[in-house]
file query.cif (mmCIF, C-alpha atoms)
data_query
#
loop_
_atom_site.label_atom_id
_atom_site.label_comp_id
_atom_site.auth_asym_id
_atom_site.auth_seq_id
_atom_site.Cartn_x
_atom_site.Cartn_y
_atom_site.Cartn_z
CA MET A 1 26.58 -10.06 23.75
CA ASN A 2 23.83 -7.94 25.25
CA ARG A 3 20.77 -6.75 23.40
CA THR A 4 21.70 -3.07 23.40
CA GLN A 5 24.96 -3.75 21.62
CA LEU A 6 23.24 -5.88 19.00
CA LYS A 7 20.72 -3.14 18.41
CA ARG A 8 23.51 -0.59 17.98
CA THR A 9 25.26 -2.88 15.49
CA GLY A 10 22.11 -3.21 13.41
CA ILE A 11 21.55 0.53 13.35
CA LEU A 12 25.14 1.19 12.25
CA LYS A 13 24.92 -1.35 9.45
CA MET A 14 21.69 0.16 8.13
CA ALA A 15 23.00 3.71 8.41
CA LEU A 16 26.20 2.94 6.53
CA SER A 17 24.30 1.15 3.78
CA GLY A 18 22.03 4.15 3.37
CA SER A 19 18.90 2.20 4.27
CA GLU A 20 15.91 3.92 5.75
CA THR A 21 14.38 2.46 8.85
CA MET A 22 10.85 2.88 10.13
CA ASP A 23 9.85 4.24 13.52
CA HIS A 24 7.48 2.42 15.88
CA ASP A 25 5.06 5.36 15.92
CA GLY A 26 3.10 4.58 12.78
CA ARG A 27 5.55 5.65 10.09
CA GLU A 28 5.25 2.17 8.53
CA ASP A 29 2.00 3.38 6.98
CA GLU A 30 3.65 6.34 5.27
CA SER A 31 3.11 6.01 1.54
CA PHE A 32 5.97 5.56 -0.87
CA PHE A 33 4.67 8.49 -2.91
CA PHE A 34 4.79 10.87 0.05
CA ARG A 35 8.34 9.82 0.95
CA ALA A 36 9.47 10.17 -2.67
CA VAL A 37 7.97 13.68 -2.92
CA ARG A 38 9.58 14.70 0.38
CA ILE A 39 13.03 13.45 -0.68
CA ALA A 40 12.67 15.14 -4.08
CA ALA A 41 11.71 18.41 -2.35
CA VAL A 42 14.72 18.23 0.00
CA VAL A 43 17.14 17.47 -2.87
CA ALA A 44 15.62 20.28 -4.97
CA LEU A 45 16.01 22.69 -2.03
CA TYR A 46 19.66 21.66 -1.62
CA TRP A 47 20.32 22.21 -5.32
CA PHE A 48 18.57 25.60 -5.31
CA ILE A 49 20.41 26.90 -2.22
CA SER A 50 23.81 25.59 -3.30
CA ILE A 51 23.69 26.74 -6.94
CA THR A 52 22.20 30.13 -6.04
CA MET A 53 24.87 30.67 -3.38
CA VAL A 54 27.68 30.01 -5.89
CA PHE A 55 26.25 32.40 -8.49
CA LEU A 56 25.47 35.03 -5.86
CA ASN A 57 29.01 34.87 -4.47
CA ASN A 58 30.39 35.11 -7.99
CA TYR A 59 28.28 38.24 -8.55
CA LEU A 60 29.47 39.84 -5.30
CA LEU A 61 33.12 38.98 -5.86
CA ASP A 62 33.07 40.08 -9.50
CA ASN A 63 32.07 43.63 -8.55
CA ARG A 64 34.41 45.89 -10.53
CA ASP A 65 33.65 48.87 -8.30
CA LEU A 66 34.67 47.03 -5.13
CA ASP A 67 37.60 44.62 -5.19
CA ALA A 68 37.33 43.51 -1.56
CA PRO A 69 36.92 39.69 -1.33
CA LEU A 70 38.05 39.61 2.32
CA PHE A 71 35.37 42.12 3.34
CA VAL A 72 32.68 40.18 1.44
CA THR A 73 33.69 37.00 3.27
CA PHE A 74 33.93 38.84 6.61
CA TYR A 75 30.41 40.24 6.23
CA GLN A 76 29.01 36.79 5.46
CA CYS A 77 30.57 35.52 8.70
CA VAL A 78 28.91 38.40 10.59
CA VAL A 79 25.53 37.45 9.07
CA THR A 80 26.05 33.81 10.12
CA VAL A 81 26.74 34.83 13.74
CA GLY A 82 23.62 37.02 13.72
CA LEU A 83 21.51 34.16 12.33
CA CYS A 84 22.82 31.82 15.02
CA TRP A 85 21.60 34.27 17.66
CA LEU A 86 18.26 34.63 15.85
CA MET A 87 17.77 30.87 15.56
CA GLN A 88 18.57 30.46 19.24
CA LEU A 89 15.92 33.06 20.11
CA VAL A 90 13.31 31.42 17.86
CA SER A 91 14.16 28.03 19.38
CA ARG A 92 13.46 29.39 22.87
CA MET A 93 10.18 30.99 21.80
CA CYS A 94 8.99 28.02 19.70
CA PRO A 95 10.79 24.93 21.09
CA GLY A 96 8.52 22.53 19.24
CA ALA A 97 9.03 24.14 15.83
CA VAL A 98 12.78 24.91 15.83
CA ASN A 99 15.57 22.92 17.47
CA PHE A 100 18.74 24.99 17.88
CA PRO A 101 21.38 24.70 20.63
CA SER A 102 22.12 27.46 23.13
CA VAL A 103 25.06 29.50 21.83
CA LYS A 104 26.55 31.50 24.70
CA PHE A 105 30.06 32.79 24.01
CA ASP A 106 32.81 31.21 26.09
CA VAL A 107 36.41 32.42 25.78
CA LYS A 108 37.89 29.00 26.63
CA THR A 109 35.82 27.26 23.94
CA SER A 110 36.66 29.98 21.42
CA ARG A 111 40.37 29.45 22.12
CA GLU A 112 40.03 25.67 21.64
CA VAL A 113 38.29 26.21 18.30
CA LEU A 114 40.86 28.82 17.14
CA PRO A 115 43.19 26.42 15.23
CA LEU A 116 40.20 25.22 13.21
CA SER A 117 39.07 28.83 12.68
CA ILE A 118 42.42 29.71 11.09
CA VAL A 119 41.98 26.82 8.65
CA PHE A 120 38.32 27.82 8.20
CA ILE A 121 39.04 31.42 7.16
CA SER A 122 41.77 30.19 4.83
CA MET A 123 39.30 27.75 3.27
CA ILE A 124 36.48 30.22 2.67
CA THR A 125 38.85 32.99 1.54
CA PHE A 126 40.72 30.82 -0.98
CA ASN A 127 37.40 29.32 -2.06
CA ASN A 128 35.96 32.77 -2.82
CA LEU A 129 39.18 33.92 -4.52
CA CYS A 130 39.11 30.84 -6.74
CA LEU A 131 35.51 31.61 -7.69
CA LYS A 132 36.41 35.25 -8.33
CA TYR A 133 39.20 34.44 -10.80
CA VAL A 134 37.97 31.29 -12.59
CA GLY A 135 34.21 31.89 -12.68
CA VAL A 136 31.39 29.40 -12.12
CA ALA A 137 31.94 27.27 -15.26
CA PHE A 138 35.49 26.18 -14.35
CA TYR A 139 34.87 26.30 -10.59
CA THR A 140 34.10 22.57 -10.31
CA VAL A 141 37.43 21.60 -11.91
CA GLY A 142 39.39 24.38 -10.19
CA ARG A 143 38.26 23.14 -6.79
CA SER A 144 38.35 19.43 -7.60
CA LEU A 145 41.42 18.30 -5.64
CA SER A 146 39.76 18.09 -2.20
CA THR A 147 39.44 14.30 -2.48
CA VAL A 148 43.10 13.96 -3.47
CA PHE A 149 44.19 16.09 -0.52
CA ASN A 150 41.91 14.03 1.76
CA VAL A 151 43.89 10.92 0.86
CA LEU A 152 47.28 12.67 1.07
CA LEU A 153 46.68 14.45 4.39
CA SER A 154 45.00 11.42 5.95
CA TYR A 155 48.22 9.53 5.32
CA VAL A 156 50.59 12.32 6.41
CA ILE A 157 48.66 13.47 9.52
CA LEU A 158 46.51 10.49 10.54
CA LYS A 159 48.73 7.69 9.11
CA GLN A 160 45.71 6.19 7.35
CA THR A 161 46.37 4.19 4.19
CA THR A 162 44.09 4.14 1.15
CA SER A 163 43.02 1.22 -1.04
CA LEU A 164 44.19 0.81 -4.63
CA GLN A 165 40.64 1.37 -5.95
CA ALA A 166 40.39 4.71 -4.11
CA LEU A 167 43.82 5.74 -5.42
CA ILE A 168 42.70 4.97 -8.99
CA CYS A 169 39.71 7.27 -8.44
CA CYS A 170 42.09 10.00 -7.26
CA GLY A 171 44.16 9.42 -10.41
CA ILE A 172 41.05 10.00 -12.54
CA ILE A 173 40.34 13.24 -10.66
CA LEU A 174 43.93 14.43 -11.15
CA GLY A 175 43.74 13.58 -14.85
CA GLY A 176 40.49 15.53 -15.18
CA PHE A 177 42.00 18.50 -13.35
CA TRP A 178 45.07 18.71 -15.60
CA LEU A 179 42.99 18.19 -18.75
CA GLY A 180 40.68 20.99 -17.63
CA VAL A 181 43.60 23.33 -16.97
CA ASP A 182 45.02 22.46 -20.40
CA GLN A 183 41.70 23.13 -22.17
CA GLU A 184 41.15 26.42 -20.34
CA GLY A 185 44.65 27.45 -21.41
CA LEU A 186 43.97 26.58 -25.06
CA ALA A 187 40.72 28.57 -24.90
CA GLY A 188 42.63 31.59 -23.57
CA SER A 189 40.48 31.84 -20.44
CA LEU A 190 42.81 30.19 -17.91
CA SER A 191 43.61 32.11 -14.75
CA TRP A 192 46.66 30.61 -13.03
CA THR A 193 45.85 32.79 -10.02
CA GLY A 194 42.41 31.18 -9.81
CA VAL A 195 43.90 27.68 -10.21
CA PHE A 196 46.42 28.44 -7.46
CA PHE A 197 43.69 29.59 -5.08
CA GLY A 198 41.59 26.54 -6.06
CA VAL A 199 44.41 24.17 -5.09
CA LEU A 200 44.89 26.00 -1.77
CA ALA A 201 41.13 25.91 -1.13
CA SER A 202 41.06 22.16 -1.81
CA ALA A 203 43.90 21.58 0.68
CA CYS A 204 42.13 23.71 3.30
CA VAL A 205 38.86 21.80 2.82
CA SER A 206 40.70 18.60 3.72
CA LEU A 207 42.47 20.20 6.69
CA ASN A 208 39.14 21.64 7.84
CA ALA A 209 37.60 18.14 7.93
CA ILE A 210 40.52 16.80 10.00
CA TYR A 211 40.52 19.68 12.50
CA THR A 212 36.72 19.65 12.76
CA LYS A 213 36.88 16.10 14.11
CA LYS A 214 39.50 17.16 16.66
CA VAL A 215 37.59 20.15 18.07
CA MET A 216 34.09 18.63 18.07
CA PRO A 217 34.32 17.62 21.77
CA ALA A 218 34.91 21.29 22.68
CA VAL A 219 31.44 22.20 21.33
CA ASP A 220 29.60 19.13 22.70
CA GLY A 221 29.44 17.60 19.24
CA SER A 222 27.12 20.35 17.94
CA ILE A 223 27.82 21.46 14.37
CA TRP A 224 25.83 24.66 14.97
CA LYS A 225 27.89 25.59 18.03
CA LEU A 226 31.00 24.92 15.98
CA SER A 227 29.69 27.19 13.22
CA TYR A 228 28.93 29.90 15.78
CA TYR A 229 32.43 29.88 17.34
CA ASN A 230 34.13 29.45 13.97
CA ASN A 231 32.40 32.50 12.53
CA ILE A 232 32.97 34.65 15.63
CA ASN A 233 36.68 33.83 15.51
CA ALA A 234 36.66 34.46 11.76
CA CYS A 235 35.12 37.92 12.22
CA ILE A 236 37.91 38.84 14.65
CA LEU A 237 40.67 37.38 12.45
CA PHE A 238 39.38 39.04 9.28
CA LEU A 239 39.42 42.60 10.70
CA PRO A 240 43.23 43.08 10.70
CA LEU A 241 43.49 41.32 7.32
CA ILE A 242 41.04 43.79 5.79
CA PHE A 243 43.32 46.67 6.87
CA VAL A 244 46.60 44.93 5.97
CA PHE A 245 45.44 44.21 2.40
CA GLY A 246 44.11 47.72 1.90
CA GLU A 247 40.44 46.84 1.62
CA ALA A 248 39.45 49.45 4.24
CA GLY A 249 40.54 52.22 1.87
CA LYS A 250 38.63 50.64 -1.01
CA LEU A 251 35.50 50.51 1.14
CA ALA A 252 35.88 54.18 2.09
CA ASN A 253 36.01 55.13 -1.60
CA PHE A 254 33.19 52.80 -2.66
CA SER A 255 30.38 54.88 -4.19
CA HIS A 256 27.60 52.41 -3.29
CA LEU A 257 28.52 52.00 0.37
CA THR A 258 25.18 53.51 1.47
CA ASP A 259 23.18 51.70 -1.22
CA LEU A 260 20.53 49.44 0.30
CA ASP A 261 20.58 47.16 -2.76
CA PHE A 262 24.29 46.45 -2.22
CA TRP A 263 23.79 45.58 1.46
CA GLY A 264 20.71 43.54 0.59
CA MET A 265 22.71 41.37 -1.81
CA MET A 266 25.55 41.08 0.72
CA THR A 267 23.13 39.99 3.44
CA LEU A 268 21.42 37.54 1.08
CA GLY A 269 24.81 35.97 0.38
CA GLY A 270 25.32 35.50 4.13
CA VAL A 271 21.84 33.99 4.53
CA PHE A 272 22.50 31.46 1.76
CA GLY A 273 25.87 30.64 3.32
CA PHE A 274 24.09 29.86 6.59
CA ALA A 275 21.28 27.97 4.85
CA ILE A 276 23.62 25.60 2.98
CA GLY A 277 24.68 24.06 6.30
CA TYR A 278 21.05 23.38 7.20
CA VAL A 279 19.97 21.92 3.84
CA THR A 280 23.09 19.75 3.66
CA GLY A 281 22.16 18.16 7.00
CA LEU A 282 18.55 17.86 5.84
CA GLN A 283 19.51 16.03 2.65
CA ILE A 284 21.72 13.58 4.55
CA LYS A 285 18.93 13.01 7.09
CA PHE A 286 16.28 12.14 4.49
CA THR A 287 18.56 10.19 2.12
CA SER A 288 22.03 8.94 3.12
CA PRO A 289 25.63 10.21 3.11
CA LEU A 290 26.28 8.35 -0.15
CA THR A 291 23.16 9.78 -1.81
CA HIS A 292 24.16 13.25 -0.59
CA ASN A 293 27.54 12.94 -2.32
CA VAL A 294 25.94 11.69 -5.53
CA SER A 295 23.46 14.57 -5.38
CA GLY A 296 26.32 17.02 -4.84
CA THR A 297 28.14 15.64 -7.89
CA ALA A 298 25.02 15.90 -10.06
CA LYS A 299 24.46 19.43 -8.74
CA ALA A 300 28.01 20.42 -9.72
CA CYS A 301 27.36 19.09 -13.23
CA ALA A 302 24.11 21.07 -13.53
CA GLN A 303 25.83 24.15 -12.11
CA THR A 304 28.55 23.95 -14.79
CA ILE A 305 25.99 23.56 -17.59
CA ILE A 306 23.96 26.53 -16.29
CA ALA A 307 27.10 28.70 -16.14
CA VAL A 308 28.15 27.79 -19.69
CA VAL A 309 24.65 28.46 -21.07
CA TYR A 310 24.25 31.69 -19.08
CA ASN A 311 27.58 33.05 -20.33
CA SER A 312 26.89 31.80 -23.89
CA SER A 313 30.26 30.05 -23.83
CA SER A 314 31.49 27.50 -26.35
CA LYS A 315 33.48 24.65 -24.80
CA SER A 316 35.40 21.85 -26.49
CA LEU A 317 34.66 18.15 -26.12
CA LEU A 318 37.87 17.69 -24.11
CA TRP A 319 36.81 20.50 -21.76
CA TRP A 320 33.56 18.68 -21.02
CA THR A 321 35.51 15.43 -20.72
CA SER A 322 37.68 16.97 -17.99
CA ASN A 323 34.54 17.88 -16.03
CA MET A 324 33.12 14.38 -16.44
CA MET A 325 36.43 12.86 -15.28
CA VAL A 326 36.45 15.03 -12.15
CA LEU A 327 32.79 14.35 -11.33
CA GLY A 328 33.02 10.65 -12.24
CA GLY A 329 36.19 10.14 -10.21
CA SER A 330 34.67 11.89 -7.20
CA SER A 331 31.49 9.78 -7.38
CA ALA A 332 33.51 6.58 -7.80
CA TYR A 333 35.69 7.48 -4.79
CA THR A 334 32.58 8.01 -2.65
CA TRP A 335 31.15 4.65 -3.75
CA VAL A 336 34.46 2.82 -3.11
CA LYS A 337 34.75 4.28 0.40
CA SER A 338 31.14 3.39 1.22
CA GLN A 339 31.71 -0.20 0.08
CA GLU A 340 34.86 -0.41 2.20
CA MET A 341 32.94 0.87 5.20
CA LYS A 342 30.23 -1.76 4.70
CA LYS A 343 32.89 -4.47 4.66
CA THR A 344 34.40 -3.05 7.84
CA VAL A 345 31.04 -3.22 9.58
CA SER A 346 30.44 -6.82 8.50
CA LYS A 347 33.91 -8.02 9.57
CA VAL A 348 34.48 -6.15 12.82
CA PRO A 349 33.39 -8.12 15.92
CA GLU A 350 30.35 -6.60 17.54
CA ASP A 351 32.11 -6.01 20.87
CA SER A 352 34.67 -3.75 19.15
CA LEU A 353 32.35 -2.13 16.61
CA LYS A 354 31.86 0.91 18.78
CA GLU A 355 35.61 1.44 19.06
CA LYS A 356 36.15 1.09 15.30
CA LEU A 357 33.27 3.20 13.96
CA LEU A 358 32.48 5.63 16.75
CA PRO A 359 35.87 6.84 17.98
CA ASN A 360 34.45 10.10 19.32
CA GLU A 361 31.57 8.69 21.29
CA LYS A 362 33.46 8.25 24.56
CA GLU A 363 34.73 11.80 24.39
CA ASN A 364 31.41 13.09 23.10
CA PRO A 365 28.38 11.26 24.50
CA GLY A 366 26.04 13.80 22.93
CA VAL A 367 26.98 12.95 19.34
#

call {"tool": "encode", "arguments": {"input": "query.cif", "output": "structure tokens"}}
result
Amino acid sequence: MNRTQLKRTGILKMALSGSETMDHDGREDESFFFRAVRIAAVVALYWFISITMVFLNNYLLDNRDLDAPLFVTFYQCVVTVGLCWLMQLVSRMCPGAVNFPSVKFDVKTSREVLPLSIVFISMITFNNLCLKYVGVAFYTVGRSLSTVFNVLLSYVILKQTTSLQALICCGIILGGFWLGVDQEGLAGSLSWTGVFFGVLASACVSLNAIYTKKVMPAVDGSIWKLSYYNNINACILFLPLIFVFGEAGKLANFSHLTDLDFWGMMTLGGVFGFAIGYVTGLQIKFTSPLTHNVSGTAKACAQTIIAVVYNSSSKSLLWWTSNMMVLGGSSAYTWVKSQEMKKTVSKVPEDSLKEKLLPNEKENPGV
């Protein structure tokens, strides 16, 4: 076994266990306090961007004067494409400060990404429609079945089986979902339309993850290039949908169409949508994938509490229990999968580790 392979094995084991490693350029001397403050700042930034984005989208989609969720989503995609161009320009002008890949449009690449883009626009549209109809407080439960669909679609499409422990976690999530639906119904605030869109959004999130892995080689393994092509395709695909569903007429009759405040809020929503991709990567970089998932679960809990307090709502104990079941089941599933991955790393022979854990590396050397 050569030295390079052993080094790669060690790195993979540490990465999957969420351990931080030190560079050879003096980072060993970095104080624990400084690292703790930096991690806390990154997690706080992730929470702020994510929670603000959800409330901002809810505000935009709940506009009684303009019922045009497709247009709102379309405009956010336009903003994302514009920010990709801007970041590319800044990266060229200040290469040491900003690292962003070159994003030149290529028709062939756009066509290869198109199947993912169809799933992508379905995901963000159903996601926004779920938020529009159920509100922020029930949003966590309404969109909670992504993990369940991950297991189901992984088996149907990828023929991957799931352990009993992971299936139990999915059972807890399903139980929390149905309990939440039941409690919303008893409270008289249940929107079956919102629940329906939430289930569709959850399925699309899982499909998006599967198709993302398939099309990554087409964009040289760059998540930013993928975002660029995805959003360009989405802008094109949304245009006919806006006309088909009659939103063009609603826009023409909208009294605040020339209002700078309206466009400012719309643009801010697009900026936050772009920023969430960056801060998500940042949080994973400075913590670990497992910590990122735990942080996301805690953020969802805080988001629900903020929404309930902001709306001065009164929720039953069983309603809160449904949220805890969904969040607890999701966290447990993440922990179970991370433990299974650690066991895989420890058992797989080093000469086949690359094949087992890095299936895309041969196709995608840049990853």

call {"tool": "closest_residue", "arguments": {"input": "query.cif", "among": "A:Asn208, A:Ser146, A:Asn127, A:Ser163", "to": "Met341 in chain A", "atoms": "all atoms listed in the file"}}
result
A:Ser163

call {"tool": "residues_around", "arguments": {"input": "query.cif", "residues": "Phe138 in chain A", "least_positions_apart": "2", "cutoff": "10 Å", "atoms": "all atoms listed in the file", "output": "JSON, numbers by chain"}}
result
{"A": [130, 131, 133, 134, 135, 136, 140, 141, 142, 143, 144, 180, 181, 184, 189, 190, 194, 195, 304, 307, 308, 319, 323]}

call {"tool": "resolve_selection", "arguments": {"input": "query.cif", "expression": "the PyMOL selection byres ((chain A and resi 114) around 10)", "output": "number ranges by chain"}}
result
A: 108-113, 115-120, 215, 229-230, 232-234, 237

call {"tool": "resolve_selection", "arguments": {"input": "query.cif", "expression": "the PyMOL selection byres ((chain A and resi 210) around 10)", "output": "short mmCIF file (atom, residue, chain, number, x, y, z; two decimals) with C-alpha atoms, keeping the file's coordinate frame"}}
result
data_model
loop_
_atom_site.label_atom_id
_atom_site.label_comp_id
_atom_site.auth_asym_id
_atom_site.auth_seq_id
_atom_site.Cartn_x
_atom_site.Cartn_y
_atom_site.Cartn_z
CA LEU A 116 40.20 25.22 13.21
CA ASN A 150 41.91 14.03 1.76
CA LEU A 153 46.68 14.45 4.39
CA SER A 154 45.00 11.42 5.95
CA ILE A 157 48.66 13.47 9.52
CA LEU A 158 46.51 10.49 10.54
CA CYS A 204 42.13 23.71 3.30
CA VAL A 205 38.86 21.80 2.82
CA SER A 206 40.70 18.60 3.72
CA LEU A 207 42.47 20.20 6.69
CA ASN A 208 39.14 21.64 7.84
CA ALA A 209 37.60 18.14 7.93
CA TYR A 211 40.52 19.68 12.50
CA THR A 212 36.72 19.65 12.76
CA LYS A 213 36.88 16.10 14.11
CA LYS A 214 39.50 17.16 16.66
CA VAL A 215 37.59 20.15 18.07
#

call {"tool": "residues_near_point", "arguments": {"input": "query.cif", "point": "(40.4, 5.6, -3.0)", "cutoff": "10 Å", "atoms": "only C-alpha atoms", "output": "list in words"}}
result
Thr147, Val148, Asn150, Val151, Thr161, Thr162, Ser163, Leu164, Gln165, Ala166, Leu167, Ile168, Cys169, Cys170, Gly171, Gly329, Ser330, Ala332, Tyr333, Thr334, Trp335, Val336, Lys337 and Glu340 of chain A

call {"tool": "write_last_selection", "arguments": {"input": "query.cif", "atoms": "C-alpha atoms", "output": "PDB file, in the frame of the given file"}}
result
ATOM      1  CA  THR A 147      39.440  14.300  -2.480  1.00  0.00           C
ATOM      2  CA  VAL A 148      43.100  13.960  -3.470  1.00  0.00           C
ATOM      3  CA  ASN A 150      41.910  14.030   1.760  1.00  0.00           C
ATOM      4  CA  VAL A 151      43.890  10.920   0.860  1.00  0.00           C
ATOM      5  CA  THR A 161      46.370   4.190   4.190  1.00  0.00           C
ATOM      6  CA  THR A 162      44.090   4.140   1.150  1.00  0.00           C
ATOM      7  CA  SER A 163      43.020   1.220  -1.040  1.00  0.00           C
ATOM      8  CA  LEU A 164      44.190   0.810  -4.630  1.00  0.00           C
ATOM      9  CA  GLN A 165      40.640   1.370  -5.950  1.00  0.00           C
ATOM     10  CA  ALA A 166      40.390   4.710  -4.110  1.00  0.00           C
ATOM     11  CA  LEU A 167      43.820   5.740  -5.420  1.00  0.00           C
ATOM     12  CA  ILE A 168      42.700   4.970  -8.990  1.00  0.00           C
ATOM     13  CA  CYS A 169      39.710   7.270  -8.440  1.00  0.00           C
ATOM     14  CA  CYS A 170      42.090  10.000  -7.260  1.00  0.00           C
ATOM     15  CA  GLY A 171      44.160   9.420 -10.410  1.00  0.00           C
ATOM     16  CA  GLY A 329      36.190  10.140 -10.210  1.00  0.00           C
ATOM     17  CA  SER A 330      34.670  11.890  -7.200  1.00  0.00           C
ATOM     18  CA  ALA A 332      33.510   6.580  -7.800  1.00  0.00           C
ATOM     19  CA  TYR A 333      35.690   7.480  -4.790  1.00  0.00           C
ATOM     20  CA  THR A 334      32.580   8.010  -2.650  1.00  0.00           C
ATOM     21  CA  TRP A 335      31.150   4.650  -3.750  1.00  0.00           C
ATOM     22  CA  VAL A 336      34.460   2.820  -3.110  1.00  0.00           C
ATOM     23  CA  LYS A 337      34.750   4.280   0.400  1.00  0.00           C
ATOM     24  CA  GLU A 340      34.860  -0.410   2.200  1.00  0.00           C
TER      25      GLU A 340
END

call {"tool": "atom_distance", "arguments": {"input": "query.cif", "atom1": "CA of Phe149 in chain A", "atom2": "CA of Gly185 in chain A"}}
result
23.8 Å

call {"tool": "atom_distance", "arguments": {"input": "query.cif", "atom1": "CA of Phe286 in chain A", "atom2": "CA of Arg38 in chain A"}}
result
8.3 Å

call {"tool": "atom_distance", "arguments": {"input": "query.cif", "atom1": "CA of Pro101 in chain A", "atom2": "CA of Ala275 in chain A"}}
result
16.1 Å

call {"tool": "decode", "arguments": {"input": "query.cif", "residues": "range 45-51 of chain A", "atoms": "all heavy atoms", "output": "short mmCIF file (atom, residue, chain, number, x, y, z; two decimals), in the first residue's frame"}}
result
data_model
loop_
_atom_site.label_atom_id
_atom_site.label_comp_id
_atom_site.auth_asym_id
_atom_site.auth_seq_id
_atom_site.Cartn_x
_atom_site.Cartn_y
_atom_site.Cartn_z
N LEU A 45 -24.41 33.16 11.54
CA LEU A 45 -24.68 33.70 10.20
C LEU A 45 -25.61 32.79 9.42
O LEU A 45 -26.55 33.26 8.76
CB LEU A 45 -23.36 33.88 9.44
CG LEU A 45 -23.46 34.47 8.02
CD1 LEU A 45 -24.02 35.88 8.07
CD2 LEU A 45 -22.10 34.45 7.33
N TYR A 46 -25.38 31.47 9.52
CA TYR A 46 -26.25 30.50 8.84
C TYR A 46 -27.68 30.62 9.37
O TYR A 46 -28.64 30.65 8.59
CB TYR A 46 -25.71 29.09 9.05
CG TYR A 46 -26.68 28.00 8.61
CD1 TYR A 46 -26.84 27.69 7.27
CD2 TYR A 46 -27.45 27.31 9.55
CE1 TYR A 46 -27.74 26.71 6.87
CE2 TYR A 46 -28.35 26.33 9.16
CZ TYR A 46 -28.49 26.04 7.82
OH TYR A 46 -29.38 25.08 7.43
N TRP A 47 -27.83 30.68 10.67
CA TRP A 47 -29.16 30.81 11.27
C TRP A 47 -29.84 32.09 10.80
O TRP A 47 -31.02 32.08 10.44
CB TRP A 47 -29.05 30.81 12.80
CG TRP A 47 -28.92 29.45 13.42
CD1 TRP A 47 -28.17 28.40 12.97
CD2 TRP A 47 -29.57 28.99 14.61
NE1 TRP A 47 -28.29 27.33 13.81
CE2 TRP A 47 -29.15 27.66 14.83
CE3 TRP A 47 -30.44 29.57 15.51
CZ2 TRP A 47 -29.58 26.90 15.92
CZ3 TRP A 47 -30.88 28.84 16.60
CH2 TRP A 47 -30.45 27.51 16.80
N PHE A 48 -29.11 33.20 10.83
CA PHE A 48 -29.69 34.49 10.46
C PHE A 48 -30.16 34.48 9.01
O PHE A 48 -31.30 34.88 8.71
CB PHE A 48 -28.66 35.60 10.67
CG PHE A 48 -29.09 36.94 10.12
CD1 PHE A 48 -30.06 37.70 10.77
CD2 PHE A 48 -28.54 37.42 8.93
CE1 PHE A 48 -30.48 38.92 10.25
CE2 PHE A 48 -28.95 38.63 8.41
CZ PHE A 48 -29.92 39.39 9.07
N ILE A 49 -29.29 34.02 8.10
CA ILE A 49 -29.63 34.00 6.67
C ILE A 49 -30.81 33.07 6.42
O ILE A 49 -31.77 33.43 5.72
CB ILE A 49 -28.42 33.55 5.83
CG1 ILE A 49 -27.27 34.55 5.92
CG2 ILE A 49 -28.83 33.34 4.36
CD1 ILE A 49 -27.51 35.87 5.26
N SER A 50 -30.77 31.88 6.99
CA SER A 50 -31.81 30.88 6.73
C SER A 50 -33.16 31.30 7.28
O SER A 50 -34.19 31.23 6.58
CB SER A 50 -31.39 29.53 7.34
OG SER A 50 -32.34 28.54 7.05
N ILE A 51 -33.20 31.74 8.54
CA ILE A 51 -34.47 32.14 9.16
C ILE A 51 -35.04 33.38 8.49
O ILE A 51 -36.24 33.46 8.19
CB ILE A 51 -34.29 32.37 10.68
CG1 ILE A 51 -33.98 31.04 11.38
CG2 ILE A 51 -35.53 33.01 11.28
CD1 ILE A 51 -33.66 31.18 12.86
#
